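Enquirer: Just one file: protein39.cif, with mmCIF, N, CA and C atoms.
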```
data_run
#
loop_
_atom_site.group_PDB
_atom_site.id
_atom_site.type_symbol
_atom_site.label_atom_id
_atom_site.label_comp_id
_atom_site.auth_asym_id
_atom_site.auth_seq_id
_atom_site.Cartn_x
_atom_site.Cartn_y
_atom_site.Cartn_z
ATOM 1 N N MET S 6 151.405 229.886 -160.239
ATOM 2 C CA MET S 6 152.000 231.197 -160.298
ATOM 3 C C MET S 6 151.131 232.094 -161.176
ATOM 4 N N LEU S 7 150.866 233.298 -160.724
ATOM 5 C CA LEU S 7 150.129 234.283 -161.509
ATOM 6 C C LEU S 7 151.018 234.770 -162.649
ATOM 7 N N LYS S 8 150.530 234.620 -163.886
ATOM 8 C CA LYS S 8 151.302 235.044 -165.055
ATOM 9 C C LYS S 8 150.805 236.355 -165.644
ATOM 10 N N HIS S 9 149.474 236.552 -165.593
ATOM 11 C CA HIS S 9 148.893 237.708 -166.276
ATOM 12 C C HIS S 9 147.624 238.139 -165.552
ATOM 13 N N LEU S 10 147.422 239.442 -165.447
ATOM 14 C CA LEU S 10 146.221 239.990 -164.827
ATOM 15 C C LEU S 10 145.702 241.114 -165.711
ATOM 16 N N HIS S 11 144.420 241.024 -166.084
ATOM 17 C CA HIS S 11 143.783 242.056 -166.905
ATOM 18 C C HIS S 11 142.582 242.592 -166.137
ATOM 19 N N ILE S 12 142.534 243.906 -165.980
ATOM 20 C CA ILE S 12 141.461 244.561 -165.228
ATOM 21 C C ILE S 12 140.831 245.622 -166.116
ATOM 22 N N ASN S 13 139.495 245.627 -166.142
ATOM 23 C CA ASN S 13 138.762 246.572 -166.967
ATOM 24 C C ASN S 13 137.617 247.179 -166.167
ATOM 25 N N ASN S 14 137.571 248.504 -166.086
ATOM 26 C CA ASN S 14 136.475 249.250 -165.444
ATOM 27 C C ASN S 14 136.264 248.901 -163.971
ATOM 28 N N LEU S 15 137.331 248.726 -163.249
ATOM 29 C CA LEU S 15 137.250 248.424 -161.821
ATOM 30 C C LEU S 15 137.750 249.623 -161.023
ATOM 31 N N ALA S 16 136.873 250.179 -160.194
ATOM 32 C CA ALA S 16 137.191 251.361 -159.376
ATOM 33 C C ALA S 16 137.692 252.481 -160.284
ATOM 34 N N VAL S 17 138.910 252.951 -160.085
ATOM 35 C CA VAL S 17 139.443 254.040 -160.915
ATOM 36 C C VAL S 17 140.228 253.525 -162.122
ATOM 37 N N ILE S 18 140.329 252.207 -162.266
ATOM 38 C CA ILE S 18 141.092 251.621 -163.370
ATOM 39 C C ILE S 18 140.208 251.490 -164.599
ATOM 40 N N ASP S 19 140.652 252.107 -165.694
ATOM 41 C CA ASP S 19 139.962 251.989 -166.973
ATOM 42 C C ASP S 19 140.300 250.637 -167.596
ATOM 43 N N ASN S 20 141.563 250.429 -167.884
ATOM 44 C CA ASN S 20 142.010 249.194 -168.515
ATOM 45 C C ASN S 20 143.504 249.020 -168.231
ATOM 46 N N VAL S 21 143.862 247.902 -167.635
ATOM 47 C CA VAL S 21 145.271 247.649 -167.357
ATOM 48 C C VAL S 21 145.558 246.161 -167.546
ATOM 49 N N GLU S 22 146.720 245.874 -168.115
ATOM 50 C CA GLU S 22 147.191 244.499 -168.260
ATOM 51 C C GLU S 22 148.576 244.413 -167.643
ATOM 52 N N LEU S 23 148.750 243.420 -166.782
ATOM 53 C CA LEU S 23 150.029 243.211 -166.114
ATOM 54 C C LEU S 23 150.507 241.795 -166.385
ATOM 55 N N SER S 24 151.782 241.659 -166.680
ATOM 56 C CA SER S 24 152.392 240.343 -166.846
ATOM 57 C C SER S 24 153.428 240.152 -165.751
ATOM 58 N N PHE S 25 153.491 238.939 -165.240
ATOM 59 C CA PHE S 25 154.402 238.622 -164.141
ATOM 60 C C PHE S 25 155.351 237.511 -164.572
ATOM 61 N N ARG S 26 156.560 237.542 -164.038
ATOM 62 C CA ARG S 26 157.564 236.516 -164.309
ATOM 63 C C ARG S 26 157.907 235.814 -163.010
ATOM 64 N N GLU S 27 158.638 234.718 -163.133
ATOM 65 C CA GLU S 27 159.089 234.008 -161.937
ATOM 66 C C GLU S 27 159.965 234.931 -161.106
ATOM 67 N N GLY S 28 159.933 234.709 -159.818
ATOM 68 C CA GLY S 28 160.703 235.540 -158.914
ATOM 69 C C GLY S 28 159.776 236.411 -158.098
ATOM 70 N N MET S 29 160.330 237.399 -157.464
ATOM 71 C CA MET S 29 159.548 238.268 -156.596
ATOM 72 C C MET S 29 159.061 239.496 -157.363
ATOM 73 N N THR S 30 157.788 239.809 -157.183
ATOM 74 C CA THR S 30 157.204 241.020 -157.755
ATOM 75 C C THR S 30 156.813 241.937 -156.608
ATOM 76 N N VAL S 31 157.149 243.204 -156.732
ATOM 77 C CA VAL S 31 156.848 244.182 -155.697
ATOM 78 C C VAL S 31 155.932 245.247 -156.293
ATOM 79 N N LEU S 32 154.835 245.541 -155.590
ATOM 80 C CA LEU S 32 153.936 246.620 -155.993
ATOM 81 C C LEU S 32 154.254 247.835 -155.138
ATOM 82 N N THR S 33 154.680 248.907 -155.778
ATOM 83 C CA THR S 33 154.984 250.135 -155.048
ATOM 84 C C THR S 33 154.266 251.297 -155.717
ATOM 85 N N GLY S 34 154.061 252.348 -154.977
ATOM 86 C CA GLY S 34 153.438 253.541 -155.542
ATOM 87 C C GLY S 34 152.920 254.434 -154.445
ATOM 88 N N GLU S 35 152.582 255.636 -154.841
ATOM 89 C CA GLU S 35 152.062 256.615 -153.898
ATOM 90 C C GLU S 35 150.669 256.212 -153.436
ATOM 91 N N THR S 36 150.222 256.836 -152.376
ATOM 92 C CA THR S 36 148.863 256.635 -151.893
ATOM 93 C C THR S 36 147.888 256.984 -153.015
ATOM 94 N N GLY S 37 146.938 256.092 -153.262
ATOM 95 C CA GLY S 37 145.946 256.332 -154.306
ATOM 96 C C GLY S 37 146.373 255.881 -155.686
ATOM 97 N N ALA S 38 147.536 255.242 -155.792
ATOM 98 C CA ALA S 38 148.031 254.815 -157.099
ATOM 99 C C ALA S 38 147.309 253.580 -157.632
ATOM 100 N N GLY S 39 146.640 252.818 -156.750
ATOM 101 C CA GLY S 39 145.883 251.655 -157.207
ATOM 102 C C GLY S 39 146.431 250.312 -156.775
ATOM 103 N N LYS S 40 147.384 250.295 -155.870
ATOM 104 C CA LYS S 40 147.957 249.020 -155.416
ATOM 105 C C LYS S 40 146.889 248.116 -154.814
ATOM 106 N N SER S 41 146.064 248.664 -153.954
ATOM 107 C CA SER S 41 145.011 247.869 -153.301
ATOM 108 C C SER S 41 143.974 247.385 -154.303
ATOM 109 N N ILE S 42 143.724 248.170 -155.343
ATOM 110 C CA ILE S 42 142.759 247.756 -156.364
ATOM 111 C C ILE S 42 143.257 246.504 -157.075
ATOM 112 N N LEU S 43 144.554 246.417 -157.317
ATOM 113 C CA LEU S 43 145.116 245.217 -157.949
ATOM 114 C C LEU S 43 144.886 243.994 -157.069
ATOM 115 N N ILE S 44 145.112 244.138 -155.781
ATOM 116 C CA ILE S 44 144.895 243.030 -154.846
ATOM 117 C C ILE S 44 143.410 242.684 -154.771
ATOM 118 N N ASP S 45 142.552 243.704 -154.735
ATOM 119 C CA ASP S 45 141.103 243.467 -154.718
ATOM 120 C C ASP S 45 140.650 242.746 -155.982
ATOM 121 N N ALA S 46 141.209 243.124 -157.131
ATOM 122 C CA ALA S 46 140.857 242.477 -158.397
ATOM 123 C C ALA S 46 141.224 241.001 -158.363
ATOM 124 N N LEU S 47 142.383 240.704 -157.825
ATOM 125 C CA LEU S 47 142.798 239.309 -157.710
ATOM 126 C C LEU S 47 141.836 238.546 -156.798
ATOM 127 N N GLY S 48 141.427 239.164 -155.703
ATOM 128 C CA GLY S 48 140.449 238.541 -154.814
ATOM 129 C C GLY S 48 139.128 238.281 -155.514
ATOM 130 N N LEU S 49 138.669 239.241 -156.311
ATOM 131 C CA LEU S 49 137.406 239.072 -157.030
ATOM 132 C C LEU S 49 137.466 237.910 -158.013
ATOM 133 N N VAL S 50 138.550 237.829 -158.766
ATOM 134 C CA VAL S 50 138.646 236.755 -159.759
ATOM 135 C C VAL S 50 138.786 235.386 -159.081
ATOM 136 N N LEU S 51 139.233 235.399 -157.821
ATOM 137 C CA LEU S 51 139.350 234.147 -157.066
ATOM 138 C C LEU S 51 138.097 233.822 -156.262
ATOM 139 N N GLY S 52 137.071 234.702 -156.341
ATOM 140 C CA GLY S 52 135.794 234.369 -155.729
ATOM 141 C C GLY S 52 135.321 235.236 -154.595
ATOM 142 N N ASP S 53 136.046 236.303 -154.264
ATOM 143 C CA ASP S 53 135.561 237.207 -153.218
ATOM 144 C C ASP S 53 134.200 237.773 -153.602
ATOM 145 N N ARG S 54 133.422 238.140 -152.611
ATOM 146 C CA ARG S 54 132.101 238.741 -152.834
ATOM 147 C C ARG S 54 132.264 240.070 -153.573
ATOM 148 N N ALA S 55 131.420 240.274 -154.572
ATOM 149 C CA ALA S 55 131.477 241.497 -155.373
ATOM 150 C C ALA S 55 130.336 242.429 -155.007
ATOM 151 N N ASP S 56 130.608 243.700 -155.120
ATOM 152 C CA ASP S 56 129.622 244.741 -154.883
ATOM 153 C C ASP S 56 129.636 245.649 -156.113
ATOM 154 N N THR S 57 128.485 246.106 -156.553
ATOM 155 C CA THR S 57 128.437 246.924 -157.764
ATOM 156 C C THR S 57 129.165 248.254 -157.607
ATOM 157 N N THR S 58 129.468 248.647 -156.393
ATOM 158 C CA THR S 58 130.187 249.911 -156.196
ATOM 159 C C THR S 58 131.631 249.834 -156.691
ATOM 160 N N VAL S 59 132.135 248.627 -156.979
ATOM 161 C CA VAL S 59 133.501 248.495 -157.490
ATOM 162 C C VAL S 59 133.588 248.823 -158.979
ATOM 163 N N ILE S 60 132.433 248.913 -159.642
ATOM 164 C CA ILE S 60 132.418 249.201 -161.077
ATOM 165 C C ILE S 60 132.733 250.679 -161.294
ATOM 166 N N ARG S 61 133.598 250.931 -162.242
ATOM 167 C CA ARG S 61 134.023 252.300 -162.548
ATOM 168 C C ARG S 61 132.804 253.166 -162.879
ATOM 169 N N THR S 62 132.792 254.379 -162.389
ATOM 170 C CA THR S 62 131.687 255.309 -162.617
ATOM 171 C C THR S 62 131.425 255.471 -164.115
ATOM 172 N N GLY S 63 130.152 255.350 -164.487
ATOM 173 C CA GLY S 63 129.754 255.505 -165.881
ATOM 174 C C GLY S 63 129.834 254.241 -166.707
ATOM 175 N N CYS S 64 130.244 253.124 -166.100
ATOM 176 C CA CYS S 64 130.383 251.858 -166.823
ATOM 177 C C CYS S 64 129.321 250.865 -166.370
ATOM 178 N N ALA S 65 128.942 249.973 -167.269
ATOM 179 C CA ALA S 65 127.913 248.976 -166.966
ATOM 180 C C ALA S 65 128.476 247.745 -166.277
ATOM 181 N N ARG S 66 129.772 247.478 -166.478
ATOM 182 C CA ARG S 66 130.359 246.263 -165.900
ATOM 183 C C ARG S 66 131.863 246.431 -165.716
ATOM 184 N N ALA S 67 132.389 245.605 -164.843
ATOM 185 C CA ALA S 67 133.837 245.510 -164.636
ATOM 186 C C ALA S 67 134.250 244.082 -164.961
ATOM 187 N N GLY S 68 135.458 243.921 -165.450
ATOM 188 C CA GLY S 68 135.942 242.588 -165.782
ATOM 189 C C GLY S 68 137.358 242.377 -165.295
ATOM 190 N N ILE S 69 137.608 241.165 -164.844
ATOM 191 C CA ILE S 69 138.942 240.787 -164.390
ATOM 192 C C ILE S 69 139.244 239.416 -164.962
ATOM 193 N N SER S 70 140.438 239.226 -165.473
ATOM 194 C CA SER S 70 140.877 237.893 -165.870
ATOM 195 C C SER S 70 142.294 237.684 -165.354
ATOM 196 N N ALA S 71 142.562 236.456 -164.961
ATOM 197 C CA ALA S 71 143.877 236.108 -164.430
ATOM 198 C C ALA S 71 144.317 234.775 -165.025
ATOM 199 N N MET S 72 145.547 234.741 -165.492
ATOM 200 C CA MET S 72 146.121 233.519 -166.048
ATOM 201 C C MET S 72 147.152 232.994 -165.058
ATOM 202 N N PHE S 73 146.995 231.729 -164.692
ATOM 203 C CA PHE S 73 147.902 231.086 -163.754
ATOM 204 C C PHE S 73 148.633 229.947 -164.443
ATOM 205 N N ASP S 74 149.904 229.802 -164.134
ATOM 206 C CA ASP S 74 150.673 228.633 -164.554
ATOM 207 C C ASP S 74 150.576 227.632 -163.413
ATOM 208 N N VAL S 75 149.885 226.518 -163.663
ATOM 209 C CA VAL S 75 149.709 225.531 -162.601
ATOM 210 C C VAL S 75 150.870 224.552 -162.551
ATOM 211 N N GLY S 76 151.766 224.636 -163.527
ATOM 212 C CA GLY S 76 152.968 223.809 -163.528
ATOM 213 C C GLY S 76 152.670 222.343 -163.349
ATOM 214 N N THR S 77 153.372 221.742 -162.431
ATOM 215 C CA THR S 77 153.186 220.314 -162.159
ATOM 216 C C THR S 77 152.635 220.105 -160.762
ATOM 217 N N ASN S 78 151.846 221.039 -160.278
ATOM 218 C CA ASN S 78 151.231 220.940 -158.955
ATOM 219 C C ASN S 78 150.191 219.821 -158.990
ATOM 220 N N GLU S 79 150.598 218.641 -158.571
ATOM 221 C CA GLU S 79 149.747 217.454 -158.683
ATOM 222 C C GLU S 79 148.431 217.593 -157.928
ATOM 223 N N GLN S 80 148.459 218.192 -156.739
ATOM 224 C CA GLN S 80 147.216 218.368 -155.977
ATOM 225 C C GLN S 80 146.232 219.247 -156.737
ATOM 226 N N LEU S 81 146.716 220.338 -157.281
ATOM 227 C CA LEU S 81 145.850 221.246 -158.024
ATOM 228 C C LEU S 81 145.349 220.583 -159.301
ATOM 229 N N LEU S 82 146.230 219.903 -160.013
ATOM 230 C CA LEU S 82 145.817 219.218 -161.235
ATOM 231 C C LEU S 82 144.753 218.170 -160.946
ATOM 232 N N GLN S 83 144.887 217.457 -159.838
ATOM 233 C CA GLN S 83 143.889 216.460 -159.454
ATOM 234 C C GLN S 83 142.558 217.129 -159.112
ATOM 235 N N LEU S 84 142.609 218.225 -158.361
ATOM 236 C CA LEU S 84 141.389 218.958 -158.005
ATOM 237 C C LEU S 84 140.676 219.472 -159.257
ATOM 238 N N LEU S 85 141.426 220.035 -160.186
ATOM 239 C CA LEU S 85 140.832 220.520 -161.429
ATOM 240 C C LEU S 85 140.200 219.378 -162.208
ATOM 241 N N ASP S 86 140.874 218.246 -162.262
ATOM 242 C CA ASP S 86 140.345 217.076 -162.957
ATOM 243 C C ASP S 86 139.059 216.583 -162.297
ATOM 244 N N GLU S 87 139.026 216.554 -160.975
ATOM 245 C CA GLU S 87 137.826 216.116 -160.250
ATOM 246 C C GLU S 87 136.635 217.023 -160.527
ATOM 247 N N GLN S 88 136.902 218.288 -160.813
ATOM 248 C CA GLN S 88 135.836 219.250 -161.100
ATOM 249 C C GLN S 88 135.567 219.372 -162.604
ATOM 250 N N SER S 89 136.176 218.484 -163.392
ATOM 251 C CA SER S 89 136.037 218.481 -164.858
ATOM 252 C C SER S 89 136.474 219.812 -165.476
ATOM 253 N N ILE S 90 137.513 220.398 -164.913
ATOM 254 C CA ILE S 90 138.077 221.635 -165.449
ATOM 255 C C ILE S 90 139.333 221.263 -166.219
ATOM 256 N N SER S 91 139.290 221.497 -167.518
ATOM 257 C CA SER S 91 140.437 221.137 -168.342
ATOM 258 C C SER S 91 141.362 222.340 -168.495
ATOM 259 N N ILE S 92 142.629 222.062 -168.618
ATOM 260 C CA ILE S 92 143.620 223.112 -168.809
ATOM 261 C C ILE S 92 144.468 222.754 -170.018
ATOM 262 N N ALA S 93 145.063 223.764 -170.629
ATOM 263 C CA ALA S 93 145.955 223.557 -171.761
ATOM 264 C C ALA S 93 147.295 224.195 -171.433
ATOM 265 N N ASP S 94 148.355 223.514 -171.781
ATOM 266 C CA ASP S 94 149.713 224.034 -171.572
ATOM 267 C C ASP S 94 149.968 224.457 -170.127
ATOM 268 N N ASN S 95 149.377 223.727 -169.180
ATOM 269 C CA ASN S 95 149.538 224.010 -167.749
ATOM 270 C C ASN S 95 149.089 225.413 -167.358
ATOM 271 N N GLU S 96 148.173 226.005 -168.134
ATOM 272 C CA GLU S 96 147.669 227.340 -167.829
ATOM 273 C C GLU S 96 146.184 227.281 -167.490
ATOM 274 N N LEU S 97 145.816 228.007 -166.455
ATOM 275 C CA LEU S 97 144.427 228.084 -166.008
ATOM 276 C C LEU S 97 143.992 229.540 -166.097
ATOM 277 N N LEU S 98 142.919 229.802 -166.854
ATOM 278 C CA LEU S 98 142.392 231.151 -167.010
ATOM 279 C C LEU S 98 141.113 231.286 -166.194
ATOM 280 N N LEU S 99 141.094 232.276 -165.307
ATOM 281 C CA LEU S 99 139.898 232.587 -164.521
ATOM 282 C C LEU S 99 139.398 233.956 -164.950
ATOM 283 N N ARG S 100 138.068 234.070 -165.143
ATOM 284 C CA ARG S 100 137.460 235.350 -165.521
ATOM 285 C C ARG S 100 136.304 235.657 -164.591
ATOM 286 N N ARG S 101 136.110 236.942 -164.346
ATOM 287 C CA ARG S 101 134.989 237.382 -163.516
ATOM 288 C C ARG S 101 134.465 238.683 -164.085
ATOM 289 N N THR S 102 133.155 238.763 -164.241
ATOM 290 C CA THR S 102 132.491 239.988 -164.671
ATOM 291 C C THR S 102 131.522 240.405 -163.576
ATOM 292 N N VAL S 103 131.551 241.676 -163.229
ATOM 293 C CA VAL S 103 130.616 242.230 -162.253
ATOM 294 C C VAL S 103 129.735 243.216 -163.010
ATOM 295 N N ASN S 104 128.431 242.922 -163.082
ATOM 296 C CA ASN S 104 127.487 243.772 -163.801
ATOM 297 C C ASN S 104 126.792 244.728 -162.845
ATOM 298 N N ARG S 105 126.579 245.932 -163.308
ATOM 299 C CA ARG S 105 125.916 246.930 -162.476
ATOM 300 C C ARG S 105 124.493 246.511 -162.126
ATOM 301 N N ASP S 106 123.829 245.781 -163.031
ATOM 302 C CA ASP S 106 122.450 245.351 -162.772
ATOM 303 C C ASP S 106 122.385 244.038 -162.001
ATOM 304 N N GLY S 107 123.507 243.608 -161.475
ATOM 305 C CA GLY S 107 123.539 242.413 -160.642
ATOM 306 C C GLY S 107 123.977 241.245 -161.406
#
```
Here is a file; write its structure as structure tokens.
Expert:
Amino acid sequence: MLKHLHINNLAVIDNVELSFREGMTVLTGETGAGKSILIDALGLVLGDRADTTVIRTGCARAGISAMFDVGTNEQLLQLLDEQSISIADNELLLRRTVNRDG
């Protein structure tokens, strides 16, 4: 489960931190409010291809971090263990930085 999302200098977003709780989360807003940017940020931190055009104008880099509660998902815990990825308190932190110079 996604617990926390932090986005810095991505598209029109300067700096935003979002926390999520169990249950359903709904993203609503007017056209241009940034809903798609949040989804794109999640894709980037999960490994989508990055392009330097996503970096906010005037900034050298964009950063995204996402904290996931992996709970007791045995398949995921086994996969993480096989890749020598350690977790603490059932939380997995993923970070991605996109630099303007590549």
Enquirer: Quote the spacing between atom N of Lys8 (chain S) and atom C of Gly63 (chain S) in Å to one decimal place.
Expert: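 So the answer is 28.7 Å.
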Enquirer: If I take CA of Gly68 (chain S) and CA of Val50 (chain S), how far is one from the other in Å, to one decimal?
Expert: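 So the two atoms, CA of Gly68 (chain S) and CA of Val50 (chain S), lie 8.8 Å apart.
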Enquirer: Which is closer to Ile42 (chain S) than all the others in S:Leu10, S:Val17, S:Gly28, S:Ala67, using only N, CA and C atoms?
Expert: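 Of S:Leu10, S:Val17, S:Gly28, S:Ala67, the one nearest Ile42 (chain S), counting only N, CA and C atoms, is S:Val17.
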Enquirer: Let me make sure I understand: among S:Gln80, S:Asn14, S:Ser70, S:Thr62, which one has the smallest atom-to-atom distance to Arg101 (chain S) if we use all atoms listed in the file?
Expert: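 Under the stated criterion, the closest residue is S:Ser70.
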Enquirer: Could the centre and edge lengths of an axis-aligned box, enclosing all atoms of region 7-23 of chain S in the file with 6 Å extra on each side, be given in Å to one decimal as lines of an AutoDock Vina configuration file?
Expert:
```
center_x = 143.8
center_y = 243.7
center_z = -163.9
size_x = 27.0
size_y = 32.7
size_z = 21.1
```
Enquirer: Here's the selection I'm unsure about, the PyMOL selection byres (((chain S and resi 16 and name CA) around 7) and name CA); applied to the file above, which residues does it give, as an MDAnalysis selection string?
Expert: chainID S and resid 14:15 17:18 59:61
Enquirer: Restricting the calculation to only N, CA and C atoms, which member of S:Val103, S:Leu7, S:Leu84, S:Met72 is positioned closest to Thr57 (chain S)?
Expert: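 Closest to Thr57 (chain S) of all the choices is S:Val103.
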Enquirer: List every residue of chain S that DSSP, applied to the backbone of this structure, assigns to strand (DSSP E or B), and report them as a PyMOL selection string.
Expert: chain S and resi 7-15+18-24+60+66-74+93+96-104
Enquirer: How many Å separate atom C of Gly52 (chain S) from CA of Glu27 (chain S)?
Expert: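 Interatomic distance, atom C of Gly52 (chain S) to CA of Glu27 (chain S): 24.9 Å.
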Enquirer: Quick one: everything within 8 Å of Leu49 (chain S), counting all atoms listed in the file, minus sequence neighbours fewer than 5 positions away in the same chain. Send it as a list in words.
Expert: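 Answer for this query is Leu43, Ile44, Arg54, Ala55, Ile69, Arg100, Arg101 and Thr102 of chain S.
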Enquirer: Which one is closest to Leu81 (chain S): S:Ala65, S:Thr36, S:Asp45, S:Met6? Count only C-alpha atoms.
Expert: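 Once distances to Leu81 (chain S) are computed over only C-alpha atoms, the minimum belongs to S:Met6.
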Enquirer: Restricting the calculation to only C-alpha atoms, which member of S:Leu47, S:Leu98, S:Val75, S:Ala93 is positioned closest to Ile12 (chain S)?
Expert: S:Leu47
Enquirer: As an mmCIF file with N, CA and C atoms, keeping the file's coordinate frame, please: every residue in chain S that DSSP puts in helix (DSSP H, G or I).
Expert:
```cif
data_model
loop_
_atom_site.group_PDB
_atom_site.id
_atom_site.type_symbol
_atom_site.label_atom_id
_atom_site.label_comp_id
_atom_site.auth_asym_id
_atom_site.auth_seq_id
_atom_site.Cartn_x
_atom_site.Cartn_y
_atom_site.Cartn_z
ATOM 1 N N LYS S 40 147.384 250.295 -155.870
ATOM 2 C CA LYS S 40 147.957 249.020 -155.416
ATOM 3 C C LYS S 40 146.889 248.116 -154.814
ATOM 4 N N SER S 41 146.064 248.664 -153.954
ATOM 5 C CA SER S 41 145.011 247.869 -153.301
ATOM 6 C C SER S 41 143.974 247.385 -154.303
ATOM 7 N N ILE S 42 143.724 248.170 -155.343
ATOM 8 C CA ILE S 42 142.759 247.756 -156.364
ATOM 9 C C ILE S 42 143.257 246.504 -157.075
ATOM 10 N N LEU S 43 144.554 246.417 -157.317
ATOM 11 C CA LEU S 43 145.116 245.217 -157.949
ATOM 12 C C LEU S 43 144.886 243.994 -157.069
ATOM 13 N N ILE S 44 145.112 244.138 -155.781
ATOM 14 C CA ILE S 44 144.895 243.030 -154.846
ATOM 15 C C ILE S 44 143.410 242.684 -154.771
ATOM 16 N N ASP S 45 142.552 243.704 -154.735
ATOM 17 C CA ASP S 45 141.103 243.467 -154.718
ATOM 18 C C ASP S 45 140.650 242.746 -155.982
ATOM 19 N N ALA S 46 141.209 243.124 -157.131
ATOM 20 C CA ALA S 46 140.857 242.477 -158.397
ATOM 21 C C ALA S 46 141.224 241.001 -158.363
ATOM 22 N N LEU S 47 142.383 240.704 -157.825
ATOM 23 C CA LEU S 47 142.798 239.309 -157.710
ATOM 24 C C LEU S 47 141.836 238.546 -156.798
ATOM 25 N N GLY S 48 141.427 239.164 -155.703
ATOM 26 C CA GLY S 48 140.449 238.541 -154.814
ATOM 27 C C GLY S 48 139.128 238.281 -155.514
ATOM 28 N N LEU S 49 138.669 239.241 -156.311
ATOM 29 C CA LEU S 49 137.406 239.072 -157.030
ATOM 30 C C LEU S 49 137.466 237.910 -158.013
ATOM 31 N N VAL S 50 138.550 237.829 -158.766
ATOM 32 C CA VAL S 50 138.646 236.755 -159.759
ATOM 33 C C VAL S 50 138.786 235.386 -159.081
ATOM 34 N N THR S 57 128.485 246.106 -156.553
ATOM 35 C CA THR S 57 128.437 246.924 -157.764
ATOM 36 C C THR S 57 129.165 248.254 -157.607
ATOM 37 N N THR S 58 129.468 248.647 -156.393
ATOM 38 C CA THR S 58 130.187 249.911 -156.196
ATOM 39 C C THR S 58 131.631 249.834 -156.691
ATOM 40 N N VAL S 59 132.135 248.627 -156.979
ATOM 41 C CA VAL S 59 133.501 248.495 -157.490
ATOM 42 C C VAL S 59 133.588 248.823 -158.979
ATOM 43 N N GLU S 79 150.598 218.641 -158.571
ATOM 44 C CA GLU S 79 149.747 217.454 -158.683
ATOM 45 C C GLU S 79 148.431 217.593 -157.928
ATOM 46 N N GLN S 80 148.459 218.192 -156.739
ATOM 47 C CA GLN S 80 147.216 218.368 -155.977
ATOM 48 C C GLN S 80 146.232 219.247 -156.737
ATOM 49 N N LEU S 81 146.716 220.338 -157.281
ATOM 50 C CA LEU S 81 145.850 221.246 -158.024
ATOM 51 C C LEU S 81 145.349 220.583 -159.301
ATOM 52 N N LEU S 82 146.230 219.903 -160.013
ATOM 53 C CA LEU S 82 145.817 219.218 -161.235
ATOM 54 C C LEU S 82 144.753 218.170 -160.946
ATOM 55 N N GLN S 83 144.887 217.457 -159.838
ATOM 56 C CA GLN S 83 143.889 216.460 -159.454
ATOM 57 C C GLN S 83 142.558 217.129 -159.112
ATOM 58 N N LEU S 84 142.609 218.225 -158.361
ATOM 59 C CA LEU S 84 141.389 218.958 -158.005
ATOM 60 C C LEU S 84 140.676 219.472 -159.257
ATOM 61 N N LEU S 85 141.426 220.035 -160.186
ATOM 62 C CA LEU S 85 140.832 220.520 -161.429
ATOM 63 C C LEU S 85 140.200 219.378 -162.208
ATOM 64 N N ASP S 86 140.874 218.246 -162.262
ATOM 65 C CA ASP S 86 140.345 217.076 -162.957
ATOM 66 C C ASP S 86 139.059 216.583 -162.297
ATOM 67 N N GLU S 87 139.026 216.554 -160.975
ATOM 68 C CA GLU S 87 137.826 216.116 -160.250
ATOM 69 C C GLU S 87 136.635 217.023 -160.527
#
```
Enquirer: Could you check which residues have any atom within 7 Å of (141.3, 223.4, -161.8), counting all atoms listed in the file with coordinates taken straight from the file, and then list them as a PyMOL selection string?
Expert: chain S and resi 81-86+88+90-91
Enquirer: In terms of the shortest atom-to-atom distance over only C-alpha atoms, which of S:Asn78, S:Asn95, S:Ser24, S:Asn104 is closest to Cys64 (chain S)?
Expert: S:Asn104
